[in-house]
Amino acid sequence: MWRILKQVARTGRLTEAPRVVTLGEPATDNNDRPTAPLIHQDLLHIIGRALSIRAVDAGSCNGCELEISALNNPIYNIEGLGIKFVASPRHADLLLVTGPVSRHMAEALRRSFDAMPAPKLVVAVGDCGCTGGLFGESYASCGRVANVIPVDFTVAGCPPEPIDILRGILAAVQRSG
């Protein structure tokens, strides 16, 4: 117990400081990047309707899934802005794929892609989805998502922040429209 308390005292607080945004101030973070509300407005302006996303875990460690699920929290609240996750690829406009594609998931990923209506958009999320990550290609892994299905946009990071995932979704939609 004492060892854990010493570790906490040595490490200190790891969370970021709260941001206060006043009315009329541009909605940017400390790095002058646009925040989620601006990205949501751009996304809805481009497609003009709700966007349905099907998320597929093709063999990841679930780090990227945690960041994707953060998109539904009160900070980003994409569901409240008309961007929703769906259970069936038949209802999806965009396929969000994470992880290196395991050999056992390759056929399921192809079938999900084939079941999507046209136009088909695919975003590979995380270093593993973009490049195969530390797993690469092996007897158990096909490597990156682009080795199995065509990818429109990649979002690098291990895991990428939710705001970067939103940017990737926006970039894929911009390229298609």
# chains A, B, ... in the order shown; residues from 1 in each chain; ligands from 1
call {"tool": "residues_around", "arguments": {"residues": "Arg54 in chain A", "least_positions_apart": "2", "cutoff": "7 Å", "atoms": "only C-alpha atoms", "output": "list of chain:residue names"}}
result
A:Ser52, A:Val56, A:Phe85, A:Val86, A:Ala87, A:Ser88, A:Pro89, A:Ala92, A:Leu94, A:Leu95, A:Leu96
call {"tool": "write_last_selection", "arguments": {"atoms": "C-alpha atoms", "output": "PDB file, in the first residue's frame"}}
result
ATOM      1  CA  SER A  52     -23.860   6.133 -40.013  1.00  0.00           C
ATOM      2  CA  VAL A  56     -15.021  -3.145 -36.853  1.00  0.00           C
ATOM      3  CA  PHE A  85     -22.780   4.071 -34.828  1.00  0.00           C
ATOM      4  CA  VAL A  86     -24.821   1.264 -36.351  1.00  0.00           C
ATOM      5  CA  ALA A  87     -24.745  -2.488 -35.792  1.00  0.00           C
ATOM      6  CA  SER A  88     -25.041  -3.544 -39.418  1.00  0.00           C
ATOM      7  CA  PRO A  89     -22.749  -2.670 -42.323  1.00  0.00           C
ATOM      8  CA  ALA A  92     -23.391   2.172 -42.712  1.00  0.00           C
ATOM      9  CA  LEU A  94     -18.460   4.602 -43.319  1.00  0.00           C
ATOM     10  CA  LEU A  95     -16.477   1.628 -42.024  1.00  0.00           C
ATOM     11  CA  LEU A  96     -14.153   2.460 -39.108  1.00  0.00           C
TER      12      LEU A  96
END
call {"tool": "residues_around", "arguments": {"residues": "Tyr139 in chain A", "least_positions_apart": "6", "cutoff": "12 Å", "atoms": "only C-alpha atoms", "output": "count of residues only"}}
result
4
call {"tool": "residues_around", "arguments": {"residues": "range 82-84 of chain A", "least_positions_apart": "2", "cutoff": "6 Å", "atoms": "only C-alpha atoms", "output": "list in words"}}
result
Ala50, Leu51, Ser52, Ile78, Glu79 and Gly80 of chain A
call {"tool": "select_by_dssp", "arguments": {"residues": "chain A", "states": "strand (DSSP E)", "output": "list in words"}}
result
Leu51, Ser52, Ile53, Arg54, Ala55, Val56, Asp57, Ile83, Lys84, Phe85, Leu94, Leu95, Leu96, Val97, Thr98, Val101, Ser102, Leu121, Val122, Val123, Ala124, Val125, Ser141, Cys142, Gly143, Phe153, Thr154 and Val155 of chain A
call {"tool": "select_by_dssp", "arguments": {"residues": "range 66-101 of chain A", "states": "alpha helix (DSSP H)", "output": "PyMOL selection string"}}
result
chain A and resi 66-69
call {"tool": "write_last_selection", "arguments": {"atoms": "N, CA and C atoms", "output": "PDB file, in the first residue's frame"}}
result
ATOM      1  N   LEU A  66     -11.444   2.181 -27.185  1.00  0.00           N
ATOM      2  CA  LEU A  66     -11.705   3.075 -26.052  1.00  0.00           C
ATOM      3  C   LEU A  66     -11.802   4.520 -26.519  1.00  0.00           C
ATOM      4  N   GLU A  67     -10.930   4.913 -27.441  1.00  0.00           N
ATOM      5  CA  GLU A  67     -10.968   6.278 -27.965  1.00  0.00           C
ATOM      6  C   GLU A  67     -12.189   6.489 -28.850  1.00  0.00           C
ATOM      7  N   ILE A  68     -12.588   5.467 -29.590  1.00  0.00           N
ATOM      8  CA  ILE A  68     -13.793   5.579 -30.417  1.00  0.00           C
ATOM      9  C   ILE A  68     -15.025   5.687 -29.534  1.00  0.00           C
ATOM     10  N   SER A  69     -15.066   4.915 -28.457  1.00  0.00           N
ATOM     11  CA  SER A  69     -16.228   5.014 -27.556  1.00  0.00           C
ATOM     12  C   SER A  69     -16.267   6.365 -26.855  1.00  0.00           C
TER      13      SER A  69
END
call {"tool": "residues_around", "arguments": {"residues": "range 148-155 of chain A", "least_positions_apart": "6", "cutoff": "6 Å", "atoms": "only C-alpha atoms", "output": "mmCIF file with C-alpha atoms, in the first residue's frame"}}
result
data_model
loop_
_atom_site.group_PDB
_atom_site.id
_atom_site.type_symbol
_atom_site.label_atom_id
_atom_site.label_comp_id
_atom_site.auth_asym_id
_atom_site.auth_seq_id
_atom_site.Cartn_x
_atom_site.Cartn_y
_atom_site.Cartn_z
ATOM 1 C CA VAL A 122 -13.231 3.174 -45.049
ATOM 2 C CA VAL A 123 -11.104 4.784 -42.333
ATOM 3 C CA ALA A 124 -8.271 2.756 -40.752
ATOM 4 C CA VAL A 125 -7.673 3.843 -37.148
ATOM 5 C CA GLY A 126 -4.485 3.476 -35.135
ATOM 6 C CA CYS A 130 -2.513 1.968 -40.822
ATOM 7 C CA GLY A 168 -10.074 11.398 -40.108
ATOM 8 C CA ALA A 172 -12.690 10.779 -45.670
#
call {"tool": "closest_residue", "arguments": {"among": "A:Gly129, A:Gly143, A:Pro119, A:Pro162", "to": "Ser176 in chain A", "atoms": "only C-alpha atoms"}}
result
A:Pro119
call {"tool": "closest_residue", "arguments": {"among": "A:Leu71, A:Asp93, A:Arg175, A:Gly59", "to": "Ala140 in chain A", "atoms": "only C-alpha atoms"}}
result
A:Gly59
call {"tool": "atom_distance", "arguments": {"atom1": "CA of Cys64 in chain A", "atom2": "CA of Leu166 in chain A"}}
result
12.8 Å
call {"tool": "closest_residue", "arguments": {"among": "A:Ala55, A:Val97, A:Leu5, A:Leu170", "to": "Cys128 in chain A", "atoms": "only C-alpha atoms"}}
result
A:Val97
call {"tool": "atom_distance", "arguments": {"atom1": "CA of Thr131 in chain A", "atom2": "CA of Glu161 in chain A"}}
result
17.5 Å
